[in-house]
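K.L.:
Next up, run_20.txt (compact mmCIF, C-alpha atoms and all ligand atoms).
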```txt
# COMPACT_ATOMS: atom_id res chain seq x y z
CA MET T 553 1.84 26.28 23.05
CA SER T 554 -1.29 24.77 21.51
CA THR T 555 -3.26 22.37 23.75
CA ALA T 556 -5.68 21.34 21.01
CA PRO T 557 -6.01 17.53 20.81
CA ARG T 558 -4.09 15.91 18.00
CA PRO T 559 -6.25 14.72 15.10
CA ILE T 560 -6.22 10.92 15.01
CA ILE T 561 -5.81 9.25 11.62
CA GLY T 562 -6.29 5.50 11.27
CA VAL T 563 -4.10 3.55 8.84
CA PHE T 564 -4.88 -0.04 7.99
CA ASP T 565 -3.17 -2.85 6.09
CA SER T 566 -3.24 -6.62 6.10
CA GLY T 567 0.35 -6.58 7.35
CA PHE T 568 3.50 -4.48 7.26
CA GLY T 569 3.20 -3.06 3.75
CA GLY T 570 0.99 -0.13 4.78
CA LEU T 571 3.85 1.12 6.95
CA THR T 572 5.37 2.44 3.69
CA VAL T 573 2.30 4.69 3.44
CA LEU T 574 2.53 5.66 7.13
CA ARG T 575 6.21 6.52 6.56
CA ALA T 576 5.20 8.96 3.81
CA LEU T 577 2.31 10.36 5.90
CA LEU T 578 4.30 11.18 9.07
CA PRO T 579 6.23 14.20 7.71
CA LEU T 580 3.26 15.43 5.65
CA ILE T 581 0.75 15.73 8.50
CA PRO T 582 2.71 17.02 11.49
CA GLY T 583 0.71 17.33 14.68
CA ALA T 584 -1.39 14.25 13.88
CA HIS T 585 -1.48 11.00 15.83
CA PHE T 586 -1.61 7.92 13.61
CA ILE T 587 -3.00 4.58 14.74
CA TYR T 588 -1.85 1.72 12.51
CA VAL T 589 -3.43 -1.73 12.37
CA GLY T 590 -1.61 -4.60 10.66
CA ASP T 591 -3.88 -7.63 10.42
CA THR T 592 -0.88 -9.96 10.34
CA ALA T 593 -2.79 -12.95 11.76
CA ARG T 594 -5.06 -13.08 8.71
CA LEU T 595 -2.57 -12.07 6.00
CA PRO T 596 -2.40 -12.59 3.05
CA TYR T 597 -5.64 -10.96 1.93
CA GLY T 598 -4.55 -11.19 -1.70
CA ALA T 599 -5.54 -14.84 -2.08
CA LYS T 600 -8.92 -14.56 -0.30
CA SER T 601 -12.48 -13.99 -1.50
CA ARG T 602 -14.11 -10.55 -1.68
CA ALA T 603 -16.52 -11.39 1.16
CA THR T 604 -13.72 -12.46 3.52
CA ILE T 605 -11.51 -9.46 2.65
CA ALA T 606 -14.47 -7.11 3.23
CA ARG T 607 -15.29 -8.73 6.59
CA TYR T 608 -11.69 -8.48 7.81
CA ALA T 609 -11.20 -4.91 6.55
CA VAL T 610 -14.47 -3.71 8.08
CA GLU T 611 -13.47 -5.13 11.49
CA SER T 612 -10.20 -3.17 11.44
CA ALA T 613 -11.96 -0.03 10.20
CA ARG T 614 -14.51 -0.23 13.02
CA PHE T 615 -11.72 -0.68 15.57
CA LEU T 616 -9.91 2.42 14.26
CA ALA T 617 -13.09 4.50 14.21
CA ALA T 618 -13.76 3.42 17.82
CA GLN T 619 -10.27 4.70 18.76
CA GLY T 620 -11.41 8.18 17.75
CA ALA T 621 -9.96 8.33 14.23
CA SER T 622 -11.32 11.24 12.25
CA ALA T 623 -10.23 9.71 8.93
CA LEU T 624 -9.07 6.37 7.67
CA VAL T 625 -6.39 5.46 5.13
CA ILE T 626 -6.76 1.96 3.67
CA ALA T 627 -3.05 1.38 3.02
CA CYS T 628 -3.71 -1.95 1.33
CA ASN T 629 -4.42 -2.28 -2.37
CA THR T 630 -6.32 -5.53 -1.95
CA ALA T 631 -8.66 -4.15 0.73
CA THR T 632 -9.11 -0.94 -1.30
CA ALA T 633 -9.81 -2.80 -4.55
CA LEU T 634 -12.33 -5.19 -3.04
CA ALA T 635 -13.78 -3.57 0.06
CA LEU T 636 -13.61 0.24 -0.16
CA GLU T 637 -17.38 0.62 -0.46
CA ASP T 638 -18.04 -1.87 2.37
CA ILE T 639 -15.66 0.05 4.63
CA ARG T 640 -17.21 3.41 3.72
CA ALA T 641 -20.65 1.98 4.53
CA ALA T 642 -19.45 0.65 7.91
CA VAL T 643 -17.89 3.82 9.38
CA SER T 644 -19.01 7.43 9.37
CA ILE T 645 -15.58 9.03 8.78
CA PRO T 646 -13.80 9.81 5.48
CA VAL T 647 -12.08 6.73 4.03
CA ILE T 648 -9.20 7.08 1.56
CA GLY T 649 -7.93 4.14 -0.48
CA VAL T 650 -4.69 3.59 -2.40
CA VAL T 651 -5.94 2.63 -5.87
CA GLU T 652 -7.09 6.07 -7.04
CA PRO T 653 -3.84 7.79 -5.94
CA GLY T 654 -1.98 4.99 -7.76
CA ALA T 655 -3.94 5.65 -10.95
CA ILE T 656 -3.25 9.40 -10.61
CA ALA T 657 0.48 8.69 -10.20
CA ALA T 658 0.34 6.45 -13.29
CA TYR T 659 -1.34 9.18 -15.30
CA ARG T 660 1.25 11.76 -14.17
CA ALA T 661 4.04 9.41 -15.25
CA VAL T 662 2.76 8.35 -18.69
CA GLY T 663 0.05 10.85 -19.68
CA HIS T 664 -3.06 10.27 -21.84
CA LYS T 665 -3.01 7.04 -23.82
CA GLY T 666 0.08 5.84 -21.95
CA ARG T 667 0.54 2.20 -20.98
CA VAL T 668 1.34 0.83 -17.55
CA LEU T 669 1.91 -2.57 -16.04
CA VAL T 670 0.34 -2.98 -12.59
CA LEU T 671 1.87 -5.59 -10.30
CA ALA T 672 -0.56 -6.64 -7.59
CA THR T 673 -2.06 -9.52 -5.62
CA ALA T 674 -4.34 -12.04 -7.35
CA ALA T 675 -7.43 -10.53 -5.69
CA THR T 676 -6.55 -6.97 -6.75
CA VAL T 677 -5.93 -8.12 -10.32
CA ALA T 678 -9.20 -10.09 -10.42
CA SER T 679 -11.11 -7.00 -9.24
CA GLY T 680 -9.93 -4.96 -12.26
CA ALA T 681 -9.84 -1.90 -9.96
CA TYR T 682 -6.61 -0.47 -11.40
CA ARG T 683 -7.71 -1.00 -15.00
CA ALA T 684 -10.97 0.84 -14.27
CA ASP T 685 -9.35 3.76 -12.39
CA CYS T 686 -6.54 4.14 -14.95
CA ALA T 687 -9.11 4.13 -17.78
CA ARG T 688 -10.71 7.24 -16.22
CA PHE T 689 -7.41 9.02 -17.05
CA GLN T 690 -7.14 7.32 -20.46
CA VAL T 691 -4.23 5.24 -19.26
CA GLU T 692 -4.18 1.63 -20.41
CA ALA T 693 -3.32 -0.68 -17.52
CA THR T 694 -2.35 -4.34 -17.79
CA GLU T 695 -2.69 -5.98 -14.39
CA PHE T 696 -0.45 -8.90 -13.52
CA ALA T 697 -0.68 -11.03 -10.38
CA THR T 698 2.59 -11.59 -8.51
CA PRO T 699 1.38 -13.56 -5.46
CA LEU T 700 4.79 -14.87 -4.35
CA LEU T 701 6.12 -11.39 -3.63
CA VAL T 702 4.13 -10.70 -0.43
CA PRO T 703 5.42 -13.78 1.47
CA LEU T 704 8.98 -13.02 0.30
CA VAL T 705 8.74 -9.44 1.57
CA GLU T 706 7.05 -10.55 4.82
CA GLU T 707 9.99 -12.92 5.30
CA GLY T 708 12.34 -9.93 5.07
CA TRP T 709 13.85 -11.27 1.81
CA THR T 710 13.90 -7.86 0.16
CA ASP T 711 17.44 -8.27 -1.19
CA HIS T 712 17.71 -11.99 -1.77
CA PRO T 713 18.62 -14.13 -4.80
CA VAL T 714 15.31 -16.03 -4.58
CA THR T 715 13.32 -12.78 -4.72
CA ARG T 716 15.39 -11.59 -7.71
CA GLU T 717 14.79 -14.85 -9.56
CA VAL T 718 11.03 -14.73 -8.84
CA LEU T 719 10.98 -11.14 -10.12
CA ARG T 720 12.84 -12.13 -13.29
CA ILE T 721 10.30 -14.87 -14.05
CA TYR T 722 7.26 -12.67 -13.29
CA LEU T 723 8.47 -9.59 -15.16
CA ALA T 724 9.64 -11.55 -18.22
CA GLU T 725 6.18 -13.12 -18.46
CA ALA T 726 4.36 -9.82 -17.91
CA LEU T 727 6.44 -7.96 -20.52
CA CYS T 728 5.95 -10.79 -22.99
CA LEU T 729 2.19 -10.62 -22.38
CA MET T 730 2.20 -6.90 -23.19
CA GLY T 731 3.83 -7.51 -26.57
CA PRO T 732 6.62 -5.87 -28.58
CA ALA T 733 8.51 -2.67 -27.74
CA HIS T 734 5.84 -0.27 -29.04
CA THR T 735 3.23 -1.77 -26.71
CA SER T 736 5.55 -2.32 -23.75
CA PRO T 737 4.81 -0.39 -20.53
CA GLN T 738 6.19 3.08 -19.93
CA ALA T 739 5.74 2.61 -16.19
CA VAL T 740 5.27 -0.19 -13.71
CA VAL T 741 2.86 0.57 -10.86
CA LEU T 742 3.56 -1.13 -7.55
CA GLY T 743 -0.08 -2.07 -6.89
CA CYS T 744 0.61 -3.63 -3.50
CA THR T 745 1.90 -1.77 -0.46
CA HIS T 746 4.48 -4.50 0.16
CA TYR T 747 6.28 -3.92 -3.12
CA PRO T 748 8.01 -0.55 -2.41
CA LEU T 749 10.39 -2.57 -0.24
CA ILE T 750 11.61 -4.34 -3.40
CA ALA T 751 11.46 -1.33 -5.72
CA ASP T 752 15.22 -1.48 -6.38
CA PRO T 753 15.29 -5.16 -7.42
CA ILE T 754 12.19 -4.50 -9.57
CA ARG T 755 14.00 -1.61 -11.31
CA ASP T 756 17.16 -3.71 -11.80
CA THR T 757 15.16 -6.62 -13.22
CA LEU T 758 13.32 -4.35 -15.67
CA ARG T 759 16.64 -2.97 -16.92
CA SER T 760 18.04 -6.49 -17.31
CA LEU T 761 14.99 -7.29 -19.46
CA ASN T 762 15.63 -4.19 -21.61
CA SER T 763 12.64 -2.29 -20.25
CA SER T 764 13.08 1.42 -19.53
CA ALA T 765 9.77 1.63 -17.62
CA THR T 766 9.79 3.86 -14.56
CA VAL T 767 8.65 2.34 -11.27
CA ILE T 768 5.75 4.04 -9.50
CA ASP T 769 5.49 3.72 -5.74
CA SER T 770 2.06 5.05 -4.83
CA ALA T 771 2.84 5.35 -1.09
CA GLU T 772 4.04 8.95 -1.61
CA THR T 773 1.11 9.80 -3.88
CA THR T 774 -1.35 8.33 -1.38
CA ALA T 775 0.19 10.35 1.44
CA ARG T 776 0.05 13.60 -0.56
CA TYR T 777 -3.53 12.81 -1.64
CA THR T 778 -4.49 12.16 2.01
CA ALA T 779 -2.84 15.37 3.24
CA HIS T 780 -4.63 17.29 0.49
CA MET T 781 -8.01 15.69 1.25
CA LEU T 782 -7.62 16.38 4.96
CA GLY T 783 -6.61 20.00 4.37
CA HIS T 784 -3.00 19.71 5.53
CA ILE T 785 -1.41 20.88 2.32
CA ASN T 786 0.39 23.75 4.11
CA PRO T 787 1.68 22.22 7.35
CA GLN T 788 2.41 24.64 10.19
CA PRO T 789 6.18 25.02 10.64
CA ASP T 790 5.75 24.99 14.45
CA ALA T 791 3.52 21.89 14.57
CA PRO T 792 4.98 19.06 16.69
CA ASP T 793 6.17 15.90 14.95
CA ALA T 794 3.42 13.41 14.15
CA THR T 795 3.20 10.47 16.54
CA PHE T 796 2.07 6.90 15.93
CA ARG T 797 1.01 3.74 17.69
CA CYS T 798 0.97 0.29 16.07
CA TYR T 799 -1.37 -2.65 16.63
CA ALA T 800 -0.83 -6.10 15.13
CA THR T 801 -3.10 -9.13 15.23
CA ASP T 802 -0.16 -11.58 15.40
CA SER T 803 3.36 -11.62 16.90
CA VAL T 804 4.14 -8.13 18.14
CA GLU T 805 7.87 -8.95 18.27
CA LYS T 806 7.93 -9.86 14.58
CA PHE T 807 5.90 -6.76 13.73
CA ALA T 808 8.35 -4.49 15.58
CA ARG T 809 11.38 -6.22 14.02
CA LEU T 810 10.28 -6.39 10.37
CA GLY T 811 8.03 -3.34 10.47
CA SER T 812 10.87 -0.96 11.26
CA ALA T 813 12.35 -1.64 7.77
CA PHE T 814 9.03 -0.63 6.18
CA LEU T 815 8.62 2.42 8.41
CA GLY T 816 12.26 3.50 8.16
CA GLN T 817 12.51 3.98 11.93
CA PRO T 818 12.27 1.80 15.03
CA ILE T 819 8.83 0.81 16.28
CA PRO T 820 9.32 0.97 20.05
CA GLU T 821 6.01 -0.61 21.04
CA VAL T 822 3.42 -2.79 19.31
CA THR T 823 0.12 -3.77 20.93
CA LEU T 824 -1.48 -7.15 20.27
CA LEU T 825 -5.02 -6.77 18.92
CA ASP T 826 -7.62 -9.54 18.84
CA LEU T 827 -10.11 -8.94 16.05
CA GLY T 828 -11.57 -12.45 16.25
CA GLY T 829 -11.29 -15.23 13.70
N1 LIG K 1 -0.88 -5.18 1.49
C1 LIG K 1 -1.61 -5.92 0.51
C2 LIG K 1 -1.84 -5.06 -0.72
O1 LIG K 1 -1.44 -3.91 -0.79
C3 LIG K 1 -0.96 -7.21 0.12
C4 LIG K 1 -0.77 -8.22 1.21
C5 LIG K 1 -1.86 -9.26 1.28
O2 LIG K 1 -2.06 -10.03 0.34
O3 LIG K 1 -2.49 -9.29 2.33
O4 LIG K 1 -2.45 -5.53 -1.67
```
Would you encode the structure as structure tokens?

P.N.:
Amino acid sequence: MSTAPRPIIGVFDSGFGGLTVLRALLPLIPGAHFIYVGDTARLPYGAKSRATIARYAVESARFLAAQGASALVIACNTATALALEDIRAAVSIPVIGVVEPGAIAAYRAVGHKGRVLVLATAATVASGAYRADCARFQVEATEFATPLLVPLVEEGWTDHPVTREVLRIYLAEALCLMGPAHTSPQAVVLGCTHYPLIADPIRDTLRSLNSSATVIDSAETTARYTAHMLGHINPQPDAPDATFRCYATDSVEKFARLGSAFLGQPIPEVTLLDLGG
């Protein structure tokens, strides 16, 4: 039996949403130990300024690097879009964000000159990060801010009439903005790690609005991209299951309760982390 220490991989999000990325990472990188930080005390990031988002994200990144992480996954679109370079400058380990994998997934879905609608937080939309990354693949991205969705998901209202009504209003407006059928999106990118939890209602709402756009959840793409970048593309069949430990900056009970839906398995223990104000 191998006694080599498990590689530690840090995963960070402003809250629970990044657990959808951790969920996709666990089976792809067996043998690894993941440390997840959810900065729930300071969520939402999506309505804050670039400087504040960068300061918060850098604090979590430094904490994870100090825990011995050999790589970091920024499982938050807002932190990736606004603070990826600040984080890379603050730690000396590889840092992987979610926007580029999302743009790659968009390109795979619609091809050159395809059109996508990106749903994201206000800060991510204002950064234009998706538009820029999609343009590198000649994919035209229209970004649309859907700020009410994060609090609804954080409340656990993933299958709730209020969430469905909010989605209907947002998506009708976004599709109208993109114009008639020949300019309508071929895919909708979930540009926020909270949104995979409401992928089904998003799909249903698109159909009810006569859109046949496919829904792209970049959690899987990010996980595959991370495994590839870290050289785990051919996992050893005899490697032990990956393990994880979660830290939250606010109520650990709430994190364990709601987070298990995002992770798809119980979170037996959550440690309270104080990153300051
Ligand atoms: N997880 C964040 C993202 O992917 C959204 C939540 C927030 O606004 O903090 O953009």

K.L.:
Which of these residues is nearest to Val573 in chain T, using all atoms listed in the file: T:Ser612, T:Ser644, T:Thr735, T:Thr773?

P.N.:
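Once distances to Val573 in chain T are computed over all atoms listed in the file, the minimum belongs to T:Thr773.
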
K.L.:
Kindly assemble as a Markdown table a list of the range 594-674 of chain T residues that lie within 10 Å of range 754-768 of chain T, each paired with its nearest atom pair and their distance in Å to one decimal, using all atoms listed in the file, sorted first by chain and then by ascending residue number.

P.N.:
```
| residue | atom | partner | partner_atom | distance |
| --- | --- | --- | --- | --- |
| T:Gly654 | CA | T:Ile768 | CA | 8.0 |
| T:Ala655 | CA | T:Ile768 | CA | 9.9 |
| T:Ala657 | CA | T:Ile768 | CA | 7.1 |
| T:Ala658 | CA | T:Ile768 | CA | 7.0 |
| T:Ala661 | CA | T:Thr766 | CA | 8.0 |
| T:Val662 | CA | T:Thr766 | CA | 9.3 |
| T:Arg667 | CA | T:Ala765 | CA | 9.8 |
| T:Val668 | CA | T:Ala765 | CA | 8.5 |
| T:Leu669 | CA | T:Ala765 | CA | 9.1 |
| T:Val670 | CA | T:Ile768 | CA | 9.4 |
```

K.L.:
Write out as a PyMOL selection string the residues lying within 6 Å of Gly562 in chain T, counting only C-alpha atoms and excluding same-chain residues fewer than 3 positions away.

P.N.:
chain T and resi 586-588+616+621+624

K.L.:
For the selection you just gave me, I'd like the residues written to a file as a PDB file, keeping the file's coordinate frame, keeping C-alpha atoms.

P.N.:
```pdb
ATOM      1  CA  PHE T 586      -1.610   7.920  13.610  1.00  0.00           C
ATOM      2  CA  ILE T 587      -3.000   4.580  14.740  1.00  0.00           C
ATOM      3  CA  TYR T 588      -1.850   1.720  12.510  1.00  0.00           C
ATOM      4  CA  LEU T 616      -9.910   2.420  14.260  1.00  0.00           C
ATOM      5  CA  ALA T 621      -9.960   8.330  14.230  1.00  0.00           C
ATOM      6  CA  LEU T 624      -9.070   6.370   7.670  1.00  0.00           C
TER       7      LEU T 624
END
```

K.L.:
Pick from T:Lys600, T:His664, T:His585, T:Arg558: nearest to ligand LIG 1 (chain K), with only C-alpha atoms and all ligand atoms counted?

P.N.:
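The closest residue to ligand LIG 1 (chain K) is T:Lys600.
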
K.L.:
I'd like the box whose edges run along x, y and z of the file and which contains every listed atom of ligand LIG 1 (chain K), padded by 6 Å per side; could you state its centre and edge lengths in Å, one decimal, as AutoDock Vina command-line options?

P.N.:
```
--center_x -1.6 --center_y -7.0 --center_z 0.3 --size_x 13.7 --size_y 18.1 --size_z 16.0
```

K.L.:
Name all residues at most 9 Å from Asp826 in chain T (count all atoms listed in the file; drop same-chain ones fewer than 4 positions away) and give them as a ChimeraX atom specification.

P.N.:
/T:800-802

K.L.:
Keeping only C-alpha atoms, take the residues you just selected and write them out as a PDB file, in the frame of the given file.

P.N.:
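And here's part-v4.pdb as it stands now:
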```pdb
ATOM      1  CA  ALA T 800      -0.830  -6.100  15.130  1.00  0.00           C
ATOM      2  CA  THR T 801      -3.100  -9.130  15.230  1.00  0.00           C
ATOM      3  CA  ASP T 802      -0.160 -11.580  15.400  1.00  0.00           C
TER       4      ASP T 802
END
```

K.L.:
At a cut-off of 6 Å, using only C-alpha atoms, what residues contact Gly590 in chain T? Leave out same-chain residues fewer than 2 positions from it and give the result as a PDB file with C-alpha atoms, keeping the file's coordinate frame.

P.N.:
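Output (result.pdb):
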```
ATOM      1  CA  ASP T 565      -3.170  -2.850   6.090  1.00  0.00           C
ATOM      2  CA  SER T 566      -3.240  -6.620   6.100  1.00  0.00           C
ATOM      3  CA  GLY T 567       0.350  -6.580   7.350  1.00  0.00           C
ATOM      4  CA  THR T 592      -0.880  -9.960  10.340  1.00  0.00           C
ATOM      5  CA  ALA T 800      -0.830  -6.100  15.130  1.00  0.00           C
TER       6      ALA T 800
END
```
